[in-house]
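Data block below; observations after.
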Amino acid sequence: LTIVTDSKYVYYGVTRDLPKWEDAGWIGVANKAEIRDLVARLRKRSATTLLKWVKGHSGDKGNEGADKLAALTTAQGYSGGGAQLSTADMAFMPTGARLAACTQKLVYRGILRSSAKQNNRKTTERNLEMCREALEADYGISLNDETLWRNTRRPEIGKRTADFYWRIMHGAYKIGGYWEHVPGYEGRATCAVCGVEENIAHILMDCEAPGTQQLWRLARGLLEKTGFELPRLTLGLIMAAPSLQRRAKPKTKTDSAARLARIVVTETAHLLWKLRCERVIGKEDGSTRRHSESDVVKRWIKRLNERMSIDRGLVASGRKEKRRGITKEKVLDTWRAVLTDDSEMEEDWIGRKGVLVG
């Protein structure tokens, strides 16, 4: 049997890294369930098995055919028909980690992962399910929980924005019903503008405060310039924003439209949360100042321009941001379609002053 793959991760994992992974108890290994299943089946065989690596999208007939079948199944959904694999026999798979190979760091990571699986909140599970459903329904994407969490730490997601997303996914903010059980603070449970009980969906989508609906219209219009569509605005889609990808589009080296969508949606959501917090603080301090719609729009544009400036600075500084996937090509492709004077812009505008998002 000869198994052909275009994944160097699988190829080297099975042929070179397997002993190290098993000694470490598979802690921190990506896609470990699938790889363990493969290894168990290979060890069960009594005949010789060969693994061969081929370059992807290089014209190999078998590889191209497998890609087409995988894309077709992803687009149409798996109906459960056809041959079914039996459960792999794990008799030849060691469990746990080898004590001599353990380090304090490795053991600590294992403890954290184990406790995280056991102590998931019901709110967290519900929000993760909402994210999966939104991505599947609107973009045909199926992601597991680990990938959803990892995507919140993408390089294009700012640290404060990533922390905000971590909190809303866990339901960690003290809003709405939380205050109904705190004597003397029951008034905090209701929205200062709408007079209804607050929740994260109301704050990010439904609030009648100036700018809320306008920002989402602007975000949608900005993304339409790149060909990226937001089919519908739901809480699940907003929470899944760090994982946005294009539907039924070939994945390119620099998926600029999807990258911009991840930036715009996450920054818009975070700004709406900050505006809400400012309203609450102003109400408690007796302040009469309120946000106008024009002020909110200006802050949104300023925020996106600051985000673009960070991208430009990382590339122009000469730092080795390529390790994080931030290249000049990616930055140029991400922002070019939404610049104010795109028609007169030279190809490389990284070092040019006065470049703004329009």
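Naming works like this for the structure tokens: A, B, ... for the chains as they're shown, residue 1 at the start of each chain, ligands 1 onward in shown order.
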**Study point:** Backbone DSSP call of strand (DSSP E) for range 28-237 of chain A, listed as number ranges by chain
**Key:** A: 50-53
Point to revise | Near-Tyr173 in chain A list (10 Å; only C-alpha atoms; drop same-chain fewer than 3 positions) as a PyMOL selection string | key: chain A and resi 164+167-170+176+178+199-200
Suppose we keep N, CA, C and O atoms; can you now write the selection as an mmCIF file, in the first residue's frame?
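Final output, saved to result-v4.cif:
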data_model
loop_
_atom_site.group_PDB
_atom_site.id
_atom_site.type_symbol
_atom_site.label_atom_id
_atom_site.label_comp_id
_atom_site.auth_asym_id
_atom_site.auth_seq_id
_atom_site.Cartn_x
_atom_site.Cartn_y
_atom_site.Cartn_z
ATOM 1 N N PHE A 164 -11.372 41.137 24.136
ATOM 2 C CA PHE A 164 -12.814 41.400 24.101
ATOM 3 C C PHE A 164 -13.568 40.176 23.589
ATOM 4 O O PHE A 164 -14.601 39.772 24.150
ATOM 5 N N ARG A 167 -13.782 37.379 26.107
ATOM 6 C CA ARG A 167 -14.768 37.640 27.156
ATOM 7 C C ARG A 167 -16.203 37.420 26.677
ATOM 8 O O ARG A 167 -17.019 36.848 27.393
ATOM 9 N N ILE A 168 -16.538 37.870 25.465
ATOM 10 C CA ILE A 168 -17.913 37.682 25.018
ATOM 11 C C ILE A 168 -18.183 36.209 24.708
ATOM 12 O O ILE A 168 -19.308 35.738 24.890
ATOM 13 N N MET A 169 -17.164 35.471 24.271
ATOM 14 C CA MET A 169 -17.360 34.047 24.013
ATOM 15 C C MET A 169 -17.640 33.296 25.309
ATOM 16 O O MET A 169 -18.416 32.337 25.334
ATOM 17 N N HIS A 170 -17.041 33.737 26.401
ATOM 18 C CA HIS A 170 -17.245 33.105 27.706
ATOM 19 C C HIS A 170 -18.406 33.733 28.482
ATOM 20 O O HIS A 170 -18.725 33.265 29.581
ATOM 21 N N GLY A 176 -26.781 43.110 31.868
ATOM 22 C CA GLY A 176 -28.126 42.554 31.886
ATOM 23 C C GLY A 176 -28.519 41.913 33.195
ATOM 24 O O GLY A 176 -28.437 42.517 34.277
ATOM 25 N N TYR A 178 -27.266 39.964 35.216
ATOM 26 C CA TYR A 178 -26.312 39.875 36.329
ATOM 27 C C TYR A 178 -26.658 40.887 37.419
ATOM 28 O O TYR A 178 -26.589 40.586 38.621
ATOM 29 N N ASN A 199 -28.162 42.627 26.727
ATOM 30 C CA ASN A 199 -27.352 41.437 26.506
ATOM 31 C C ASN A 199 -26.390 41.782 25.380
ATOM 32 O O ASN A 199 -26.505 42.847 24.754
ATOM 33 N N ILE A 200 -25.454 40.918 25.113
ATOM 34 C CA ILE A 200 -24.408 41.260 24.145
ATOM 35 C C ILE A 200 -24.980 41.427 22.740
ATOM 36 O O ILE A 200 -24.496 42.246 21.959
#
Exercise for review: Compile the contact shell of range 225-227 of chain A as a list of chain:residue names: residues with an atom at most 10 Å away, counting only C-alpha atoms, same-chain residues fewer than 4 positions apart removed.
Suggested key: A:Arg220, A:Gly221, A:Arg246, A:Ser256, A:Ala257, A:Ala258, A:Leu260, A:Ala261, A:Asp333, A:Thr334, A:Trp335, A:Arg336, A:Ala337, A:Val338
Check your understanding: as number ranges by chain, which residues of range 166-274 of chain A does DSSP assign to helix (DSSP H, G or I)?
Key -> A: 166-170, 176-181, 186-189, 200-206, 212-224, 235-239, 241-243, 256-274
Residues of the last selection are to be written out with C-alpha atoms, as an mmCIF file, in the first residue's frame.
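Okay, this is what ended up in out-v4.cif:
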data_model
loop_
_atom_site.group_PDB
_atom_site.id
_atom_site.type_symbol
_atom_site.label_atom_id
_atom_site.label_comp_id
_atom_site.auth_asym_id
_atom_site.auth_seq_id
_atom_site.Cartn_x
_atom_site.Cartn_y
_atom_site.Cartn_z
ATOM 1 C CA TRP A 166 -12.454 35.981 24.630
ATOM 2 C CA ARG A 167 -14.768 37.640 27.156
ATOM 3 C CA ILE A 168 -17.913 37.682 25.018
ATOM 4 C CA MET A 169 -17.360 34.047 24.013
ATOM 5 C CA HIS A 170 -17.245 33.105 27.706
ATOM 6 C CA GLY A 176 -28.126 42.554 31.886
ATOM 7 C CA GLY A 177 -29.497 39.936 34.259
ATOM 8 C CA TYR A 178 -26.312 39.875 36.329
ATOM 9 C CA TRP A 179 -27.267 43.189 37.979
ATOM 10 C CA GLU A 180 -30.835 42.166 38.812
ATOM 11 C CA HIS A 181 -29.495 40.228 41.808
ATOM 12 C CA GLU A 186 -30.707 46.836 39.466
ATOM 13 C CA GLY A 187 -30.841 49.809 37.085
ATOM 14 C CA ARG A 188 -27.655 48.654 35.385
ATOM 15 C CA ALA A 189 -29.527 45.700 33.921
ATOM 16 C CA ILE A 200 -24.408 41.260 24.145
ATOM 17 C CA ALA A 201 -26.656 40.815 21.086
ATOM 18 C CA HIS A 202 -28.569 43.996 21.949
ATOM 19 C CA ILE A 203 -25.371 45.978 22.489
ATOM 20 C CA LEU A 204 -23.703 44.893 19.237
ATOM 21 C CA MET A 205 -26.724 44.787 16.898
ATOM 22 C CA ASP A 206 -30.088 46.020 18.166
ATOM 23 C CA THR A 212 -24.996 51.307 15.882
ATOM 24 C CA GLN A 213 -26.870 50.549 12.663
ATOM 25 C CA GLN A 214 -24.837 53.070 10.690
ATOM 26 C CA LEU A 215 -21.532 51.356 11.527
ATOM 27 C CA TRP A 216 -22.750 47.989 10.302
ATOM 28 C CA ARG A 217 -24.015 49.578 7.070
ATOM 29 C CA LEU A 218 -20.614 51.201 6.582
ATOM 30 C CA ALA A 219 -18.818 47.928 7.345
ATOM 31 C CA ARG A 220 -20.970 46.079 4.818
ATOM 32 C CA GLY A 221 -20.395 48.753 2.162
ATOM 33 C CA LEU A 222 -16.638 48.784 2.752
ATOM 34 C CA LEU A 223 -16.379 45.015 2.379
ATOM 35 C CA GLU A 224 -18.489 45.029 -0.789
ATOM 36 C CA LEU A 235 -24.535 37.408 16.937
ATOM 37 C CA GLY A 236 -23.054 34.083 15.835
ATOM 38 C CA LEU A 237 -21.477 35.699 12.779
ATOM 39 C CA ILE A 238 -20.053 38.591 14.819
ATOM 40 C CA MET A 239 -18.538 36.211 17.378
ATOM 41 C CA ALA A 241 -15.607 37.059 12.762
ATOM 42 C CA PRO A 242 -11.966 36.035 13.471
ATOM 43 C CA SER A 243 -12.654 32.863 11.442
ATOM 44 C CA SER A 256 -7.034 39.741 1.332
ATOM 45 C CA ALA A 257 -10.823 40.141 1.238
ATOM 46 C CA ALA A 258 -11.333 37.704 4.113
ATOM 47 C CA ARG A 259 -8.492 39.273 6.100
ATOM 48 C CA LEU A 260 -10.045 42.725 5.765
ATOM 49 C CA ALA A 261 -13.438 41.302 6.761
ATOM 50 C CA ARG A 262 -11.942 39.853 9.940
ATOM 51 C CA ILE A 263 -10.416 43.223 10.793
ATOM 52 C CA VAL A 264 -13.494 45.333 9.983
ATOM 53 C CA VAL A 265 -16.071 43.173 11.775
ATOM 54 C CA THR A 266 -13.989 42.634 14.928
ATOM 55 C CA GLU A 267 -12.993 46.301 15.177
ATOM 56 C CA THR A 268 -16.611 47.418 14.637
ATOM 57 C CA ALA A 269 -17.889 45.082 17.352
ATOM 58 C CA HIS A 270 -15.203 46.205 19.812
ATOM 59 C CA LEU A 271 -15.915 49.888 19.124
ATOM 60 C CA LEU A 272 -19.647 49.374 19.762
ATOM 61 C CA TRP A 273 -18.808 47.789 23.114
ATOM 62 C CA LYS A 274 -16.571 50.731 24.054
#
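Closest approach to Lys52 in chain A among A:Leu1, A:Ala33, A:Ile27, A:Leu18 is made by A:Leu1 (distances from only C-alpha atoms).
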**Study point:** For range 86-98 of chain A: contacts at 10 Å, only C-alpha atoms, fewer than 5 positions along chain excluded, given as a ChimeraX atom specification
**Key:** /A:20-27,36-44,106-107,110
C-alpha atoms of the current selection, written as a PDB file, in the first residue's frame:
ATOM      1  CA  LYS A  20       8.452  12.468  19.947  1.00  0.00           C
ATOM      2  CA  TRP A  21       4.686  13.033  19.858  1.00  0.00           C
ATOM      3  CA  GLU A  22       3.980   9.733  21.615  1.00  0.00           C
ATOM      4  CA  ASP A  23       6.618  10.402  24.283  1.00  0.00           C
ATOM      5  CA  ALA A  24       4.938  13.766  24.959  1.00  0.00           C
ATOM      6  CA  GLY A  25       1.511  12.150  25.253  1.00  0.00           C
ATOM      7  CA  TRP A  26       0.322  14.017  22.134  1.00  0.00           C
ATOM      8  CA  ILE A  27       0.121  17.242  24.165  1.00  0.00           C
ATOM      9  CA  ARG A  36      -3.630   8.755  16.031  1.00  0.00           C
ATOM     10  CA  ASP A  37      -6.412   7.069  14.067  1.00  0.00           C
ATOM     11  CA  LEU A  38      -4.143   6.844  11.001  1.00  0.00           C
ATOM     12  CA  VAL A  39      -1.193   5.462  12.989  1.00  0.00           C
ATOM     13  CA  ALA A  40      -3.397   2.871  14.694  1.00  0.00           C
ATOM     14  CA  ARG A  41      -4.610   1.576  11.327  1.00  0.00           C
ATOM     15  CA  LEU A  42      -1.078   1.468   9.926  1.00  0.00           C
ATOM     16  CA  ARG A  43       0.210  -0.525  12.912  1.00  0.00           C
ATOM     17  CA  LYS A  44      -2.659  -2.961  12.576  1.00  0.00           C
ATOM     18  CA  LEU A 106       4.868  20.022  29.028  1.00  0.00           C
ATOM     19  CA  VAL A 107       3.096  18.771  32.147  1.00  0.00           C
ATOM     20  CA  GLY A 110      -1.293  19.048  29.694  1.00  0.00           C
TER      21      GLY A 110
END
